[in-house]
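Shown below: target_30.cif, with mmCIF, C-alpha atoms.
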data_query
loop_
_atom_site.label_atom_id
_atom_site.label_comp_id
_atom_site.auth_asym_id
_atom_site.auth_seq_id
_atom_site.Cartn_x
_atom_site.Cartn_y
_atom_site.Cartn_z
CA MET W 24 -4.58 -17.68 0.03
CA SER W 25 -6.79 -19.77 -2.22
CA TYR W 26 -5.98 -20.44 -5.86
CA ASN W 27 -6.35 -18.23 -8.94
CA LYS W 28 -5.67 -14.88 -7.33
CA ASN W 29 -5.50 -11.72 -9.41
CA ILE W 30 -3.57 -8.96 -7.69
CA LEU W 31 -3.21 -5.24 -8.32
CA LEU W 32 0.09 -3.95 -6.92
CA ILE W 33 0.38 -0.18 -6.87
CA GLY W 34 4.03 0.90 -6.97
CA GLY W 35 5.62 -2.26 -8.31
CA THR W 36 8.97 -0.50 -8.78
CA SER W 37 9.27 0.90 -5.23
CA GLY W 38 11.56 -0.78 -2.72
CA ILE W 39 8.79 -2.66 -0.94
CA GLY W 40 6.67 -3.02 -4.07
CA LYS W 41 9.46 -4.66 -6.04
CA ALA W 42 10.09 -7.16 -3.24
CA LEU W 43 6.38 -7.95 -3.02
CA LEU W 44 6.29 -8.48 -6.77
CA GLU W 45 9.22 -10.87 -6.71
CA ARG W 46 7.61 -13.01 -4.00
CA LEU W 47 4.19 -12.97 -5.63
CA CYS W 48 5.73 -14.09 -8.94
CA THR W 49 6.93 -17.30 -7.30
CA ASP W 50 3.59 -18.03 -5.60
CA HIS W 51 1.77 -20.74 -7.55
CA LYS W 52 -1.50 -19.56 -6.02
CA VAL W 53 -1.22 -16.23 -7.88
CA THR W 54 -2.47 -16.19 -11.46
CA LYS W 55 -1.98 -12.59 -12.57
CA ILE W 56 -0.28 -9.51 -11.11
CA PHE W 57 -1.14 -6.09 -12.47
CA ALA W 58 1.81 -3.99 -11.31
CA THR W 59 2.01 -0.23 -11.81
CA TYR W 60 4.93 2.03 -12.59
CA HIS W 61 5.05 5.81 -12.89
CA ARG W 62 7.74 7.06 -15.26
CA HIS W 63 9.64 4.16 -16.81
CA LYS W 64 8.32 0.70 -17.59
CA PRO W 65 10.69 -1.82 -15.97
CA ASP W 66 12.99 -3.55 -18.44
CA THR W 67 12.97 -6.88 -16.66
CA ASN W 68 12.33 -10.46 -17.64
CA THR W 69 9.49 -11.12 -15.24
CA THR W 70 7.13 -14.06 -15.66
CA ASP W 71 4.07 -13.92 -17.85
CA LYS W 72 2.10 -13.46 -14.64
CA VAL W 73 3.00 -9.76 -14.61
CA VAL W 74 1.18 -7.08 -16.59
CA TRP W 75 2.82 -3.66 -16.25
CA LEU W 76 0.54 -0.63 -16.25
CA ASN W 77 1.42 3.04 -16.22
CA MET W 78 -0.24 4.90 -13.37
CA ASP W 79 0.36 8.32 -11.86
CA VAL W 80 -1.39 8.05 -8.49
CA ARG W 81 -1.57 11.85 -8.30
CA GLU W 82 -3.96 11.95 -11.26
CA GLU W 83 -7.42 10.42 -11.09
CA GLY W 84 -7.58 10.17 -14.88
CA SER W 85 -4.44 8.02 -14.89
CA ILE W 86 -5.86 5.76 -12.18
CA LYS W 87 -9.13 5.41 -14.06
CA GLN W 88 -7.34 4.54 -17.32
CA ALA W 89 -5.13 1.89 -15.69
CA ILE W 90 -8.13 0.21 -14.07
CA ALA W 91 -9.99 0.32 -17.39
CA ASP W 92 -7.02 -1.54 -18.89
CA ILE W 93 -7.31 -4.15 -16.14
CA ASN W 94 -11.03 -4.49 -16.76
CA ARG W 95 -10.33 -5.45 -20.37
CA GLN W 96 -8.23 -8.38 -19.14
CA THR W 97 -10.09 -9.74 -16.12
CA GLN W 98 -13.48 -9.74 -14.43
CA HIS W 99 -12.16 -9.51 -10.91
CA ILE W 100 -9.29 -8.50 -8.65
CA ASP W 101 -8.78 -10.41 -5.40
CA TRP W 102 -6.14 -8.27 -3.74
CA VAL W 103 -5.10 -4.64 -4.03
CA ILE W 104 -1.86 -3.53 -2.34
CA ASN W 105 -0.82 0.12 -2.43
CA ALA W 106 2.92 0.44 -1.80
CA VAL W 107 3.34 4.06 -2.94
CA GLY W 108 4.47 6.68 -0.45
CA LEU W 109 6.47 9.87 0.09
CA LEU W 110 8.65 10.81 3.06
CA HIS W 111 11.21 13.21 1.62
CA THR W 112 12.32 14.77 -1.66
CA ASP W 113 15.58 16.14 -3.04
CA THR W 114 14.69 19.52 -1.57
CA ASN W 115 12.59 18.72 1.51
CA GLN W 116 13.11 16.55 4.57
CA PRO W 117 10.54 15.80 7.29
CA GLU W 118 10.07 18.85 9.48
CA LYS W 119 11.70 18.96 12.91
CA ALA W 120 9.76 22.11 13.87
CA VAL W 121 6.70 23.95 12.61
CA ARG W 122 8.87 26.81 11.34
CA GLN W 123 10.11 24.41 8.64
CA LEU W 124 6.62 23.71 7.33
CA ASP W 125 6.40 24.28 3.58
CA ALA W 126 2.93 24.41 2.04
CA GLU W 127 3.96 22.79 -1.24
CA PHE W 128 5.75 19.90 0.49
CA PHE W 129 2.78 19.43 2.81
CA LEU W 130 0.43 19.14 -0.16
CA GLN W 131 2.83 16.73 -1.88
CA ASN W 132 2.57 14.47 1.14
CA MET W 133 -1.21 14.63 1.14
CA THR W 134 -1.39 14.05 -2.62
CA LEU W 135 0.89 10.98 -2.58
CA ASN W 136 0.22 9.48 0.85
CA ALA W 137 -3.43 10.19 1.69
CA LEU W 138 -5.45 10.56 -1.50
CA PRO W 139 -4.43 7.75 -3.91
CA SER W 140 -5.86 4.86 -1.88
CA LEU W 141 -9.29 6.49 -1.92
CA LEU W 142 -9.17 7.25 -5.64
CA ILE W 143 -8.03 3.72 -6.43
CA ALA W 144 -10.83 2.33 -4.24
CA LYS W 145 -13.35 4.52 -6.06
CA HIS W 146 -12.51 2.96 -9.43
CA ILE W 147 -11.47 -0.60 -8.49
CA LYS W 148 -14.59 -1.38 -6.44
CA PRO W 149 -16.55 -3.07 -9.29
CA LEU W 150 -13.62 -5.45 -9.86
CA LEU W 151 -12.71 -6.15 -6.24
CA LYS W 152 -14.22 -9.45 -5.23
CA ALA W 153 -12.97 -12.75 -3.88
CA GLY W 154 -12.64 -15.52 -6.44
CA THR W 155 -14.36 -17.89 -4.03
CA PRO W 156 -16.25 -15.65 -1.58
CA SER W 157 -15.59 -16.68 1.98
CA GLU W 158 -15.24 -14.89 5.26
CA LEU W 159 -12.05 -16.89 5.81
CA HIS W 160 -10.58 -15.89 2.45
CA PRO W 161 -11.80 -12.38 1.70
CA ALA W 162 -10.73 -10.05 -1.04
CA ILE W 163 -8.11 -7.67 0.38
CA TYR W 164 -7.71 -3.93 -0.02
CA ALA W 165 -4.42 -3.10 1.73
CA THR W 166 -2.53 0.13 2.05
CA ILE W 167 0.94 0.57 3.50
CA SER W 168 0.94 3.28 6.14
CA ALA W 169 3.26 4.25 9.01
CA ARG W 170 3.29 4.01 12.78
CA VAL W 171 3.95 7.76 12.97
CA GLY W 172 0.44 8.19 11.53
CA SER W 173 -0.91 7.07 14.91
CA ILE W 174 -2.18 10.09 16.84
CA SER W 175 -2.20 8.34 20.21
CA GLU W 176 1.37 7.05 19.84
CA ASN W 177 2.84 10.44 18.88
CA GLU W 178 5.28 11.23 21.68
CA LEU W 179 8.18 12.74 19.71
CA GLY W 180 6.45 15.37 17.57
CA GLY W 181 7.91 16.69 14.33
CA TRP W 182 7.40 15.30 10.83
CA TYR W 183 4.22 17.32 10.40
CA SER W 184 3.55 16.64 6.72
CA TYR W 185 4.27 12.93 6.86
CA ARG W 186 2.44 12.31 10.14
CA MET W 187 -0.63 14.24 9.04
CA SER W 188 -0.80 12.61 5.61
CA LYS W 189 -0.56 9.13 7.11
CA ALA W 190 -3.15 9.96 9.78
CA ALA W 191 -5.43 11.18 6.99
CA LEU W 192 -4.78 7.98 5.04
CA ASN W 193 -5.66 5.91 8.11
CA MET W 194 -8.93 7.79 8.59
CA GLY W 195 -9.79 7.37 4.93
CA MET W 196 -9.24 3.62 5.03
CA LYS W 197 -11.18 3.22 8.27
CA THR W 198 -14.09 5.12 6.74
CA LEU W 199 -13.86 3.06 3.54
CA SER W 200 -14.01 -0.16 5.56
CA ILE W 201 -17.28 0.94 7.14
CA GLU W 202 -18.83 1.83 3.78
CA TRP W 203 -17.72 -1.41 2.14
CA GLN W 204 -19.09 -3.50 4.99
CA ARG W 205 -22.48 -2.32 3.75
CA THR W 206 -21.89 -2.36 0.00
CA LEU W 207 -19.16 -4.90 -0.78
CA LYS W 208 -19.26 -8.39 0.68
CA ASN W 209 -16.27 -10.44 1.75
CA VAL W 210 -13.71 -7.64 1.53
CA CYS W 211 -11.16 -6.73 4.18
CA VAL W 212 -9.73 -3.19 4.18
CA ALA W 213 -6.38 -3.17 5.98
CA VAL W 214 -3.82 -0.53 6.88
CA ILE W 215 -0.38 -2.07 7.43
CA GLN W 216 2.84 -0.69 8.90
CA PRO W 217 5.81 -2.48 7.29
CA GLY W 218 8.45 -1.65 9.88
CA THR W 219 11.63 0.21 8.94
CA VAL W 220 12.81 -1.15 5.61
CA ASP W 221 16.17 -0.61 3.95
CA THR W 222 14.94 1.42 0.98
CA PRO W 223 15.72 4.90 -0.38
CA LEU W 224 12.65 6.20 1.47
CA SER W 225 14.12 5.38 4.90
CA LYS W 226 17.83 5.71 4.05
CA PRO W 227 18.38 9.15 5.67
CA PHE W 228 16.79 7.97 8.92
CA GLN W 229 18.41 4.58 9.54
CA ALA W 230 21.25 5.68 11.83
CA ASN W 231 19.30 5.16 15.05
CA VAL W 232 17.50 2.00 13.95
CA ALA W 233 18.66 -1.19 15.67
CA LYS W 234 20.17 -3.68 13.23
CA ASP W 235 17.52 -6.29 13.97
CA LYS W 236 14.78 -3.73 13.39
CA LEU W 237 15.95 -2.72 9.91
CA PHE W 238 14.36 -5.14 7.47
CA THR W 239 15.53 -5.99 4.00
CA PRO W 240 12.82 -5.44 1.37
CA ASP W 241 12.51 -9.21 0.95
CA ALA W 242 12.02 -9.78 4.69
CA CYS W 243 9.43 -7.00 4.72
CA ALA W 244 7.58 -8.56 1.78
CA ARG W 245 7.59 -11.94 3.52
CA HIS W 246 6.14 -10.40 6.69
CA LEU W 247 3.47 -8.41 4.85
CA LEU W 248 2.28 -11.35 2.74
CA LYS W 249 2.04 -13.55 5.83
CA VAL W 250 -0.16 -10.94 7.53
CA LEU W 251 -2.33 -10.46 4.44
CA ASN W 252 -2.86 -14.18 4.07
CA GLU W 253 -4.16 -14.41 7.64
CA LEU W 254 -6.73 -11.59 7.40
CA THR W 255 -10.44 -12.35 7.57
CA VAL W 256 -13.53 -10.26 6.88
CA GLU W 257 -13.79 -9.57 10.60
CA ASP W 258 -10.42 -7.80 10.46
CA THR W 259 -11.66 -5.10 8.08
CA GLY W 260 -10.79 -1.61 9.23
CA CYS W 261 -7.66 -2.76 11.06
CA PHE W 262 -4.42 -0.82 11.57
CA ILE W 263 -1.72 -3.42 12.12
CA ASP W 264 2.04 -3.80 11.94
CA TRP W 265 4.25 -6.19 9.99
CA ALA W 266 3.77 -8.84 12.69
CA GLY W 267 -0.02 -8.56 12.64
CA LYS W 268 -0.19 -6.66 15.94
CA THR W 269 -2.77 -3.88 16.33
CA ILE W 270 -1.56 -0.26 16.31
CA ALA W 271 -3.60 2.36 18.16
CA TRP W 272 -5.18 4.95 15.89
#
For the structure just supplied, provide its representation as structure tokens.
Amino acid sequence: MSYNKNILLIGGTSGIGKALLERLCTDHKVTKIFATYHRHKPDTNTTDKVVWLNMDVREEGSIKQAIADINRQTQHIDWVINAVGLLHTDTNQPEKAVRQLDAEFFLQNMTLNALPSLLIAKHIKPLLKAGTPSELHPAIYATISARVGSISENELGGWYSYRMSKAALNMGMKTLSIEWQRTLKNVCVAVIQPGTVDTPLSKPFQANVAKDKLFTPDACARHLLKVLNELTVEDTGCFIDWAGKTIAW
């Protein structure tokens, strides 16, 4: 990562997002972090690098307003990382069989997992540019996805809403990468699988996860930032895991 990076972190209060924020705050190469929250602004003594912005990723108007606020403070964003996602709610768990499919829960998954990254891309594009344009140090547009969004690796079935929303997200980001290759120079669009992380999102599903495969949020953040720092323009449109290894679509 070169110097003077401005970063937009979507979901700065989520398990992974908070860990990313903490690591980015200590990185002397990062100048400003625009971190979003949904309901409650964090009451924390973060550094003056952090600007908190309210954003409801389900509402395009809220996304547009937050990015307008960013535009009043900077002329460019170098990295965008979307760490927002939904796997379960208080009333719905991932489906084990199609008979459990609930239309409202399915649409919740699509609304929170698939759509926001496209809406954010729509409005952030004029600001997304590398501070020092270079194919070796591109601007980054990264979205956290899931291995279960891979169609070719689906051997267990189940989890209809989550799988389909992540597969839709993956297709959206792949399509975006093709468009931006033509219209936005020196930008890498990346879809990243963070592994299984010890957060409330994965808590109900950790029983069968090997101890060495369950990452702390900080370890996850360290892995993800290492991968992001190594991306080049030629990697745009990639679907990779926390170790930088390619995942089949």
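Distance-wise, atom CA of Gly267 of chain W and atom CA of Thr255 of chain W end up 12.2 Å apart.
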- Counting all atoms listed in the file, figure out which residue out of W:Asn177, W:Thr54, W:Ser37, W:Thr219 gets nearest to Asp235 of chain W. W:Thr219
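Taken over the whole file, the PyMOL selection byres ((chain W and resi 63) around 12) covers exactly Gly34, Gly35, Thr36, Thr59, Tyr60, His61, Arg62, Lys64, Pro65, Asp66, Thr67, Trp75, Leu76, Asn77, Met78 and Asp79 of chain W.
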- Message: Between atom CA of Lys87 of chain W and atom CA of Ile143 of chain W, what distance in Å does the model show, to one decimal?
- Response: 7.9 Å
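In this model, the gap between atom CA of Ala162 of chain W and atom CA of Glu82 of chain W comes to 25.2 Å.
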- Item | the PyMOL selection byres ((chain W and resi 150) around 8) resolved against shown file, as a ChimeraX atom specification | /W:94,98-100,147-149,151-152
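Residues matched by the PyMOL selection byres ((chain W and resi 211-215) around 6) in this file are Ile163, Tyr164, Ala165, Thr166, Ile167, Ser168, Ser200, Val210, Gln216, Val256, Thr259, Gly260, Cys261, Phe262, Ile263 and Asp264 of chain W.
Nearest to Lys208 of chain W of all the residues W:Lys249, W:His160, W:Lys236, W:Arg122 is W:His160, based on all atoms listed in the file.
For the set W:Leu138, W:Lys72, W:Trp265, W:Gln88, the residue with the smallest atom-to-atom gap to Leu44 of chain W is W:Lys72, counting all atoms listed in the file.
Residue nearest Ile39 of chain W, chosen from W:Val121, W:Ile104, W:Leu207, W:Ala266 and counting only C-alpha atoms: W:Ile104.
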- Item | Near-segment 185-189 of chain W list (6 Å; all atoms listed in the file; drop same-chain fewer than 6 positions) as a list in words |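 Non-adjacent residues within range: Asn132, Met133, Asn136, Ala137, Val171 and Gly172 of chain W.
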- Message: Ranking W:Ala42, W:Leu130, W:Ala190, W:Ile30 by minimum distance to Phe238 of chain W and counting only C-alpha atoms, which one comes first?
- Response: W:Ala42
